[in-house]
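For reference, my_file19.cif is printed below; it contains mmCIF, C-alpha atoms and all ligand atoms.
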```
data_model
#
loop_
_atom_site.label_atom_id
_atom_site.label_comp_id
_atom_site.auth_asym_id
_atom_site.auth_seq_id
_atom_site.Cartn_x
_atom_site.Cartn_y
_atom_site.Cartn_z
CA MET A 989 0.00 0.00 0.00
CA THR A 990 1.14 3.54 -0.70
CA PRO A 991 0.84 6.15 2.06
CA GLU A 992 -2.19 7.57 0.26
CA GLN A 993 -3.87 4.15 0.26
CA ILE A 994 -3.08 3.69 3.94
CA VAL A 995 -4.63 7.07 4.75
CA ARG A 996 -7.71 6.31 2.65
CA THR A 997 -8.18 2.87 4.21
CA PHE A 998 -7.93 4.30 7.72
CA VAL A 999 -10.13 7.33 7.13
CA ASP A 1000 -12.80 5.37 5.21
CA TYR A 1001 -12.96 2.72 7.92
CA PHE A 1002 -13.73 5.29 10.58
CA ARG A 1003 -16.03 7.36 8.39
CA GLU A 1004 -18.10 4.23 7.76
CA ARG A 1005 -18.43 4.05 11.53
CA GLY A 1006 -19.74 7.58 11.93
CA HIS A 1007 -16.49 9.54 12.35
CA ALA A 1008 -16.20 12.99 10.78
CA LEU A 1009 -12.92 13.92 9.08
CA VAL A 1010 -11.41 16.98 10.76
CA PRO A 1011 -8.92 19.09 8.81
CA GLU A 1012 -5.21 18.87 9.53
CA ASN A 1013 -3.65 21.64 11.65
CA SER A 1014 -0.23 23.15 11.19
CA LEU A 1015 2.67 22.24 13.47
CA ILE A 1016 2.13 25.53 15.30
CA PRO A 1017 -0.36 25.28 18.16
CA PRO A 1018 -2.77 28.17 18.79
CA PRO A 1019 -1.46 31.18 20.77
CA GLY A 1020 -1.32 30.63 24.52
CA ASP A 1021 -0.74 26.90 24.16
CA PRO A 1022 2.10 25.74 26.44
CA VAL A 1023 3.79 23.39 23.93
CA LEU A 1024 5.99 24.60 21.08
CA PHE A 1025 4.77 22.20 18.43
CA THR A 1026 1.86 19.89 17.72
CA THR A 1027 3.20 16.60 19.04
CA SER A 1028 0.26 14.34 18.35
CA GLY A 1029 -3.11 14.26 16.63
CA MET A 1030 -4.91 14.77 19.93
CA HIS A 1031 -3.13 17.98 20.66
CA PRO A 1032 -5.35 20.37 18.66
CA LEU A 1033 -8.37 18.56 20.15
CA THR A 1034 -7.43 19.18 23.79
CA PRO A 1035 -10.36 21.54 24.60
CA TYR A 1036 -12.81 18.99 23.17
CA LEU A 1037 -11.30 16.14 25.16
CA GLU A 1038 -11.81 18.36 28.17
CA GLY A 1039 -15.52 18.61 27.41
CA ARG A 1040 -16.17 21.44 24.94
CA PRO A 1041 -18.59 20.16 22.25
CA HIS A 1042 -16.81 19.68 18.92
CA PRO A 1043 -18.65 21.21 15.93
CA PHE A 1044 -18.14 17.97 13.94
CA GLY A 1045 -19.62 15.70 16.62
CA ARG A 1046 -18.35 13.07 19.02
CA ARG A 1047 -16.60 10.74 16.58
CA LEU A 1048 -13.63 12.16 14.70
CA VAL A 1049 -10.85 10.98 12.41
CA ASN A 1050 -7.89 12.84 10.92
CA VAL A 1051 -4.33 12.89 9.64
CA GLN A 1052 -2.01 15.24 11.49
CA ARG A 1053 1.61 16.19 11.01
CA CYS A 1054 3.48 16.10 14.30
CA LEU A 1055 6.92 17.09 15.53
CA ARG A 1056 8.59 15.41 18.49
CA THR A 1057 11.90 16.70 19.75
CA THR A 1058 11.70 14.12 22.53
CA ASP A 1059 12.63 11.51 19.92
CA LEU A 1060 15.56 13.49 18.54
CA ASP A 1061 18.27 11.31 20.06
CA GLU A 1062 16.67 8.19 18.67
CA VAL A 1063 16.55 9.41 15.09
CA GLY A 1064 19.01 7.34 13.11
CA ASP A 1065 17.48 4.01 14.10
CA ARG A 1066 14.93 2.22 11.89
CA THR A 1067 11.76 3.79 13.20
CA HIS A 1068 12.09 7.23 14.80
CA LEU A 1069 11.46 10.54 13.06
CA THR A 1070 11.13 14.10 14.30
CA VAL A 1071 8.32 15.02 11.88
CA PHE A 1072 5.84 12.28 11.09
CA GLN A 1073 2.19 11.90 10.14
CA MET A 1074 -0.27 10.49 12.61
CA LEU A 1075 -3.56 8.89 11.69
CA GLY A 1076 -5.99 9.47 14.54
CA SER A 1077 -9.48 8.51 15.66
CA TRP A 1078 -11.45 9.87 18.59
CA SER A 1079 -14.46 9.18 20.70
CA LEU A 1080 -15.33 12.36 22.58
CA GLY A 1081 -17.29 10.86 25.44
CA ASP A 1082 -19.00 8.48 23.01
CA TYR A 1083 -17.88 4.81 22.71
CA ASP A 1084 -15.42 3.15 25.09
CA GLY A 1085 -11.86 1.79 24.91
CA PRO A 1086 -12.76 -1.87 24.22
CA ARG A 1087 -14.92 -0.75 21.25
CA SER A 1088 -11.93 1.12 19.86
CA LEU A 1089 -9.61 -1.87 20.34
CA ARG A 1090 -12.03 -4.20 18.55
CA TRP A 1091 -12.27 -1.84 15.59
CA GLY A 1092 -8.50 -1.46 15.65
CA TYR A 1093 -8.01 -5.21 15.50
CA ASP A 1094 -10.53 -5.54 12.69
CA LEU A 1095 -8.96 -2.75 10.64
CA LEU A 1096 -5.44 -4.16 11.01
CA ARG A 1097 -6.61 -7.62 9.91
CA GLU A 1098 -9.28 -6.94 7.34
CA GLY A 1099 -8.36 -3.47 6.12
CA PHE A 1100 -4.58 -3.74 6.12
CA GLY A 1101 -4.30 -7.52 5.82
CA ILE A 1102 -1.91 -7.99 8.74
CA ASP A 1103 -1.61 -11.57 9.95
CA PRO A 1104 -2.92 -11.57 13.56
CA GLY A 1105 -0.04 -13.92 14.46
CA ARG A 1106 2.26 -10.89 14.00
CA LEU A 1107 0.46 -8.83 16.66
CA HIS A 1108 1.31 -8.24 20.29
CA VAL A 1109 -0.15 -5.59 22.57
CA THR A 1110 0.73 -3.89 25.83
CA VAL A 1111 -1.79 -2.83 28.47
CA PHE A 1112 -1.53 -0.62 31.55
CA GLY A 1113 -0.97 -2.87 34.55
CA GLY A 1114 -1.84 -0.26 37.19
CA ASP A 1115 0.15 1.89 39.58
CA GLU A 1116 -0.34 3.37 43.03
CA ARG A 1117 -3.08 5.72 41.75
CA VAL A 1118 -4.97 3.94 39.01
CA GLY A 1119 -5.79 0.24 38.84
CA PRO A 1120 -4.96 -2.09 35.94
CA ASP A 1121 -6.82 -1.58 32.67
CA LEU A 1122 -8.94 -4.71 32.95
CA GLY A 1123 -11.30 -3.72 30.11
CA SER A 1124 -8.46 -3.70 27.58
CA LEU A 1125 -6.91 -6.83 29.04
CA GLU A 1126 -10.13 -8.77 28.73
CA THR A 1127 -10.81 -7.48 25.21
CA TRP A 1128 -7.40 -8.54 23.90
CA ARG A 1129 -7.71 -11.92 25.61
CA GLU A 1130 -11.07 -12.46 23.92
CA LEU A 1131 -9.53 -11.52 20.59
CA GLY A 1132 -6.67 -13.95 21.19
CA VAL A 1133 -3.88 -11.36 20.98
CA PRO A 1134 -0.92 -11.82 23.37
CA VAL A 1135 -0.75 -9.10 26.04
CA GLU A 1136 2.15 -7.70 28.05
CA LEU A 1137 1.25 -5.70 31.15
CA THR A 1138 3.42 -2.67 31.86
CA GLY A 1139 3.44 0.40 34.10
CA ALA A 1140 4.43 3.93 33.18
CA GLU A 1141 5.04 3.03 29.49
CA ASN A 1142 1.30 2.55 29.14
CA TRP A 1143 0.26 5.84 30.68
CA TRP A 1144 -0.14 8.53 28.05
CA SER A 1145 0.04 12.28 28.60
CA ASN A 1146 0.90 15.16 26.34
CA GLY A 1147 2.92 16.98 28.97
CA PRO A 1148 3.09 17.52 32.70
CA THR A 1149 -0.49 18.78 32.86
CA GLY A 1150 -3.65 18.16 30.83
CA PRO A 1151 -5.67 15.18 29.68
CA CYS A 1152 -4.08 11.76 30.16
CA GLY A 1153 -4.90 8.14 30.78
CA PRO A 1154 -3.97 4.50 30.35
CA ASP A 1155 -3.17 3.31 26.86
CA SER A 1156 -2.90 0.08 24.97
CA GLU A 1157 -0.20 -0.09 22.32
CA ILE A 1158 -0.36 -2.40 19.33
CA PHE A 1159 2.90 -3.84 18.00
CA VAL A 1160 3.63 -5.71 14.77
CA TRP A 1161 6.45 -8.20 14.43
CA THR A 1162 9.05 -6.91 11.95
CA GLY A 1163 11.73 -9.58 12.35
CA ASP A 1164 12.56 -12.45 10.00
CA GLY A 1165 10.98 -15.74 11.00
CA PRO A 1166 8.31 -16.29 13.60
CA PRO A 1167 7.74 -13.70 16.35
CA ARG A 1168 9.84 -13.95 19.46
CA GLY A 1169 9.65 -12.46 22.94
CA THR A 1170 7.43 -9.50 23.76
CA PRO A 1171 7.53 -5.77 22.93
CA GLY A 1172 9.39 -5.28 26.19
CA THR A 1173 12.08 -7.83 25.41
CA ASP A 1174 12.57 -7.71 21.63
CA GLY A 1175 12.99 -4.46 19.65
CA ARG A 1176 11.71 -6.08 16.48
CA TRP A 1177 8.20 -5.59 17.81
CA LEU A 1178 7.28 -2.22 16.29
CA GLU A 1179 4.61 -0.05 17.86
CA VAL A 1180 2.20 1.09 15.17
CA TRP A 1181 -0.95 2.17 16.95
CA ASN A 1182 -1.76 3.52 20.35
CA HIS A 1183 -5.26 3.56 21.87
CA VAL A 1184 -5.49 5.93 24.82
CA GLN A 1185 -8.38 6.15 27.22
CA MET A 1186 -8.26 9.85 28.02
CA ARG A 1187 -10.12 9.77 31.27
CA TYR A 1188 -8.15 12.07 33.58
CA HIS A 1189 -6.82 15.58 33.84
CA ARG A 1190 -3.48 16.00 35.55
CA TYR A 1191 -2.88 19.23 37.48
CA ASP A 1192 0.37 21.02 38.29
CA ASP A 1193 0.64 19.33 41.66
CA GLY A 1194 0.30 15.88 40.08
CA ARG A 1195 -3.30 15.45 41.18
CA LEU A 1196 -5.48 13.36 38.80
CA GLU A 1197 -9.14 14.16 38.38
CA PRO A 1198 -11.61 12.39 36.12
CA LEU A 1199 -12.44 14.35 32.98
CA ARG A 1200 -16.02 15.44 32.46
CA GLN A 1201 -16.28 12.71 29.84
CA PRO A 1202 -14.18 9.57 29.20
CA ASN A 1203 -12.63 9.78 25.72
CA VAL A 1204 -10.71 7.52 23.40
CA ASP A 1205 -7.76 8.93 21.46
CA THR A 1206 -5.88 6.75 19.01
CA GLY A 1207 -2.79 7.47 16.98
CA MET A 1208 -1.14 5.41 14.24
CA GLY A 1209 2.21 6.37 12.72
CA LEU A 1210 1.76 6.54 8.95
CA GLU A 1211 5.45 6.06 8.09
CA ARG A 1212 5.65 3.02 10.39
CA MET A 1213 2.56 1.45 8.88
CA GLU A 1214 4.04 1.92 5.44
CA MET A 1215 7.22 0.19 6.65
CA VAL A 1216 5.22 -2.74 8.04
CA LEU A 1217 2.92 -3.15 5.05
CA ARG A 1218 5.69 -2.95 2.48
CA GLY A 1219 8.12 -5.04 4.47
CA ASN A 1220 10.68 -2.21 4.40
CA GLY A 1221 13.74 -2.33 6.63
CA SER A 1222 13.16 1.18 7.99
CA VAL A 1223 10.88 4.21 7.74
CA PHE A 1224 13.55 5.84 5.58
CA GLU A 1225 12.70 3.43 2.76
CA GLY A 1226 9.21 4.93 2.57
CA GLU A 1227 7.87 7.30 -0.09
CA ALA A 1228 8.31 10.46 1.97
CA PHE A 1229 12.04 9.83 2.29
CA GLU A 1230 12.79 8.40 -1.14
CA PRO A 1231 13.75 11.78 -2.72
CA TRP A 1232 15.73 12.80 0.38
CA VAL A 1233 17.71 9.58 0.56
CA ARG A 1234 18.41 9.72 -3.17
CA GLY A 1235 19.34 13.41 -3.11
CA VAL A 1236 21.51 13.30 0.01
CA THR A 1237 23.30 10.09 -1.00
CA GLY A 1238 24.00 11.41 -4.49
CA LEU A 1239 25.30 14.71 -3.19
CA TRP A 1240 27.30 13.81 -0.11
CA GLY A 1241 27.63 10.01 -0.23
CA LEU A 1242 26.38 9.55 3.33
CA ASP A 1243 25.03 6.24 4.58
CA GLY A 1244 23.81 4.48 7.72
CA GLU A 1245 22.69 6.53 10.69
CA ALA A 1246 24.29 9.74 9.43
CA LEU A 1247 22.24 9.53 6.25
CA ARG A 1248 19.05 8.93 8.21
CA ARG A 1249 19.70 11.81 10.58
CA VAL A 1250 20.52 14.26 7.81
CA CYS A 1251 17.43 13.25 5.82
CA ASP A 1252 15.16 13.42 8.85
CA HIS A 1253 16.41 16.79 10.07
CA LEU A 1254 16.42 18.41 6.64
CA ARG A 1255 12.92 17.22 5.88
CA SER A 1256 11.68 18.35 9.30
CA SER A 1257 13.33 21.74 8.84
CA VAL A 1258 11.53 22.19 5.53
CA VAL A 1259 8.15 21.33 7.10
CA VAL A 1260 8.78 23.64 10.05
CA VAL A 1261 9.73 26.51 7.74
CA GLY A 1262 6.72 25.66 5.57
CA ASP A 1263 4.55 26.20 8.65
CA GLY A 1264 5.99 29.67 9.10
CA VAL A 1265 8.81 29.24 11.65
CA ARG A 1266 12.06 31.18 11.18
CA PRO A 1267 15.37 30.41 12.95
CA SER A 1268 15.97 32.20 16.24
CA ASN A 1269 17.62 31.70 19.61
CA THR A 1270 14.47 30.78 21.49
CA GLY A 1271 11.38 28.62 21.24
CA ARG A 1272 10.33 27.14 17.91
CA GLY A 1273 12.96 29.06 15.99
CA TYR A 1274 15.63 27.50 18.16
CA VAL A 1275 14.35 24.00 17.45
CA LEU A 1276 14.70 24.77 13.76
CA ARG A 1277 18.18 26.23 14.27
CA ARG A 1278 19.17 23.17 16.26
CA LEU A 1279 17.96 20.75 13.58
CA LEU A 1280 19.97 22.60 10.95
CA ARG A 1281 23.08 22.70 13.15
CA LEU A 1282 22.83 18.96 13.72
CA VAL A 1283 22.72 18.50 9.96
CA LEU A 1284 25.72 20.75 9.42
CA THR A 1285 27.68 19.09 12.21
CA GLU A 1286 27.06 15.73 10.55
CA LEU A 1287 28.01 17.06 7.11
CA TRP A 1288 31.16 18.86 8.20
CA ARG A 1289 32.49 15.94 10.18
CA ALA A 1290 33.90 14.52 6.95
CA ASP A 1291 34.11 17.61 4.75
CA PRO A 1292 33.71 21.20 5.97
CA ALA A 1293 33.23 22.42 2.40
CA ARG A 1294 29.78 20.80 2.16
CA SER A 1295 27.00 23.33 1.79
CA LEU A 1296 23.22 23.29 2.07
CA GLY A 1297 23.18 25.48 -1.01
CA ASP A 1298 23.91 22.33 -3.05
CA LEU A 1299 20.73 20.58 -1.95
CA PRO A 1300 18.61 19.52 -4.92
CA THR A 1301 15.21 21.19 -5.03
CA GLU A 1302 13.23 17.99 -5.70
CA PRO A 1303 13.03 16.68 -2.10
CA VAL A 1304 12.24 20.17 -0.85
CA GLU A 1305 9.44 20.67 -3.36
CA ARG A 1306 7.99 17.22 -2.83
CA THR A 1307 7.95 17.71 0.94
CA LEU A 1308 6.23 21.09 0.69
CA ASP A 1309 3.72 19.57 -1.75
CA ARG A 1310 3.00 16.65 0.53
CA PHE A 1311 2.03 18.97 3.35
CA GLY A 1312 0.23 21.46 1.11
CA GLN A 1313 2.71 24.20 2.05
CA ARG A 1314 3.41 27.15 -0.19
CA ALA A 1315 6.87 28.29 0.97
CA ASP A 1316 9.06 29.71 -1.78
CA VAL A 1317 11.92 27.31 -2.54
CA GLY A 1318 14.36 30.13 -3.36
CA GLU A 1319 13.65 31.89 -0.06
CA LEU A 1320 13.98 28.61 1.78
CA ARG A 1321 17.40 28.04 0.24
CA ASP A 1322 18.46 31.58 1.27
CA LEU A 1323 17.32 30.86 4.80
CA LEU A 1324 19.33 27.63 4.93
CA LEU A 1325 22.40 29.40 3.60
CA ALA A 1326 22.07 32.24 6.10
CA GLU A 1327 21.92 29.70 8.93
CA GLU A 1328 24.93 27.90 7.51
CA ARG A 1329 26.95 31.17 7.40
CA ARG A 1330 25.95 32.00 10.93
CA PHE A 1331 27.00 28.56 12.19
CA ARG A 1332 30.35 28.77 10.37
CA GLY A 1333 30.99 32.14 11.99
CA LEU A 1334 30.18 30.78 15.43
CA LEU A 1335 32.47 27.80 14.92
CA ARG A 1336 35.29 30.09 13.81
CA ARG A 1337 34.94 32.32 16.86
CA GLY A 1338 34.10 29.54 19.33
CA GLY A 1339 36.83 27.07 18.30
CA PRO A 1340 39.75 28.77 20.09
CA ILE A 1341 37.64 29.50 23.20
CA VAL A 1342 36.55 25.89 23.57
CA SER A 1343 39.99 24.42 22.95
CA ARG A 1344 41.50 26.79 25.54
CA TYR A 1345 38.80 25.77 27.96
CA ARG A 1346 39.29 22.06 27.25
CA SER A 1347 43.04 22.18 27.74
CA ARG A 1348 42.51 23.81 31.14
CA SER A 1349 39.80 21.45 32.43
CA ARG A 1350 40.66 17.91 33.44
CA GLY A 1351 38.48 15.14 31.95
CA PRO A 1352 35.32 15.60 29.89
CA LEU A 1353 33.29 18.80 30.16
CA THR A 1354 30.70 18.84 32.92
CA ASP A 1355 27.20 20.33 32.84
CA GLU A 1356 28.61 23.32 34.68
CA ASP A 1357 31.27 23.81 31.97
CA TYR A 1358 28.62 23.74 29.29
CA ARG A 1359 26.58 26.27 31.25
CA TYR A 1360 29.57 28.58 31.59
CA LEU A 1361 30.42 28.36 27.88
CA HIS A 1362 26.82 29.08 27.02
CA ASP A 1363 26.19 31.90 29.48
CA THR A 1364 29.55 33.64 29.12
CA HIS A 1365 30.44 33.04 25.48
CA GLY A 1366 27.04 32.30 23.93
CA LEU A 1367 28.18 28.84 22.81
CA PRO A 1368 25.36 26.28 22.91
CA ARG A 1369 26.12 22.71 23.93
CA GLU A 1370 25.76 21.14 20.49
CA LEU A 1371 28.16 23.74 19.16
CA VAL A 1372 30.72 22.99 21.86
CA ASP A 1373 30.39 19.30 21.06
CA ALA A 1374 30.92 20.02 17.39
CA LEU A 1375 34.18 21.87 18.03
N1 LIG B 1401 -2.05 10.56 21.81
C1 LIG B 1401 -1.62 9.23 21.55
C2 LIG B 1401 -0.24 9.16 20.98
O1 LIG B 1401 0.31 10.17 20.59
C3 LIG B 1401 -2.58 8.57 20.62
O2 LIG B 1401 -2.95 9.47 19.63
O3 LIG B 1401 0.31 8.10 20.90
#
```
Take the structure from the file and write it as structure tokens.
Amino acid sequence: MTPEQIVRTFVDYFRERGHALVPENSLIPPPGDPVLFTTSGMHPLTPYLEGRPHPFGRRLVNVQRCLRTTDLDEVGDRTHLTVFQMLGSWSLGDYDGPRSLRWGYDLLREGFGIDPGRLHVTVFGGDERVGPDLGSLETWRELGVPVELTGAENWWSNGPTGPCGPDSEIFVWTGDGPPRGTPGTDGRWLEVWNHVQMRYHRYDDGRLEPLRQPNVDTGMGLERMEMVLRGNGSVFEGEAFEPWVRGVTGLWGLDGEALRRVCDHLRSSVVVVGDGVRPSNTGRGYVLRRLLRLVLTELWRADPARSLGDLPTEPVERTLDRFGQRADVGELRDLLLAEERRFRGLLRRGGPIVSRYRSRSRGPLTDEDYRYLHDTHGLPRELVDAL
């Protein structure tokens, strides 16, 4: 299946079951929102999960681009990305978690043709505040899917405060040969879909209170589903990355994790710029700046003459097209080049400072050293590491 077919299959399945398609939001949350970027499909729906009636009703479905900096360190493996697309379905105080799991199982089997023998799930086993999720446990047992009970890994929240609740994650076996172990013991189990029962609100002081209505919030990673359904070795073999991998390999001959990181960060930077962010030293702009500096650090490791100005336009255009963004490719290239010049300048000025500092300090730099270099000389940590 192509990504378009996956999206259509998912959306049609839920529309046939009374869900209204809600339009995709940008990566930029509305003003006043505490998070920098939209990190999951539920995020723009927060007020409705909290009880405000949604104009489209109580059953919703959508496709949402998301950005997660929390996964930044993991990018380079087979499955993590900073920007990805999430297919989501919601019950706003309508049907319950077991209903959602049954539909999920049916869609994976009948709609996507996944052999149920390749499935494993995890369920919240309870903690000191909330008991085990027996409804999900029983449902999966009835469906004959193996279950692993866990603790904090199966408690979903979008941040320190806000709606949260126990979740049940669905994994597909991606190894050669028959499945082995459990999601907790074997990394070849790939999480593709998460069903969260958003039943609580967490306050600043950690207190949990039941929401006005119990909701269900599910999220499926599109790039991961494509990997599973096509039997690809990683998400970087998918359609969204094909022009990036081709372009970056042809230009700079990178491979392995470096290639994946450069492709991921460049593509994410394009999407972030496409949603209107410009580089800066704080907030969203700093995330963008950081992504680009990680790319440049990777590129200059082998050859400091490499330049973002050489990037082919095809991957940039295809990415902007995919997300329906209208950024001007020429302006985007100028922006990348300006960031590159700025970073080169910083490296030139910072190099001697850091090497002086290193030769004076014994052993590796400590957090305090990094703080000093940042506060006194304006040198951020990733820059110090790159010197
Ligand atoms: N909010 C959940 C997640 O991001 C399900 O959408 O995994």
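Distances here use all atoms listed in the file; by that measure, the residue among A:Val1118, A:Leu1015, A:Met1186, A:Val1233 closest to ligand LIG 1401 (chain B) is A:Met1186.
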Å distance separating CA of Pro1368 in chain A from CA of Gly1318 in chain A, one decimal place: 28.7 Å
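Atom to atom, CA of Arg1168 in chain A and CA of Gly1114 in chain A stand 25.3 Å apart.
Among the candidate residues A:Glu1302, A:Asp1103, A:Glu1157, A:Asp1164, the one lying nearest to Gly1221 in chain A is A:Asp1164, with distances computed using only C-alpha atoms.
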At a cut-off of 12 Å, using all atoms listed in the file, what residues contact Pro1017 in chain A? Leave out same-chain residues fewer than 2 positions from it and give the result as a PyMOL selection string. chain A and resi 1012-1015+1019-1034+1053-1055+1263-1265+1272
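The list of residues within 6 Å of (-8.3, 9.7, 10.2), counted using all atoms listed in the file, is Phe998, Val999, Val1049, Asn1050, Val1051, Leu1075, Gly1076 and Ser1077 of chain A.
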Given 6 Å of margin on each side, can you work out the centre and size in Å (one decimal) of an axis-aligned box holding every listed atom of ligand LIG 1401 (chain B), as AutoDock Vina command-line options?
```
--center_x -1.3 --center_y 9.3 --center_z 20.7 --size_x 15.3 --size_y 14.5 --size_z 14.2
```
Separation of CA of Thr1058 in chain A and CA of Glu1197 in chain A, in Å? 26.2 Å
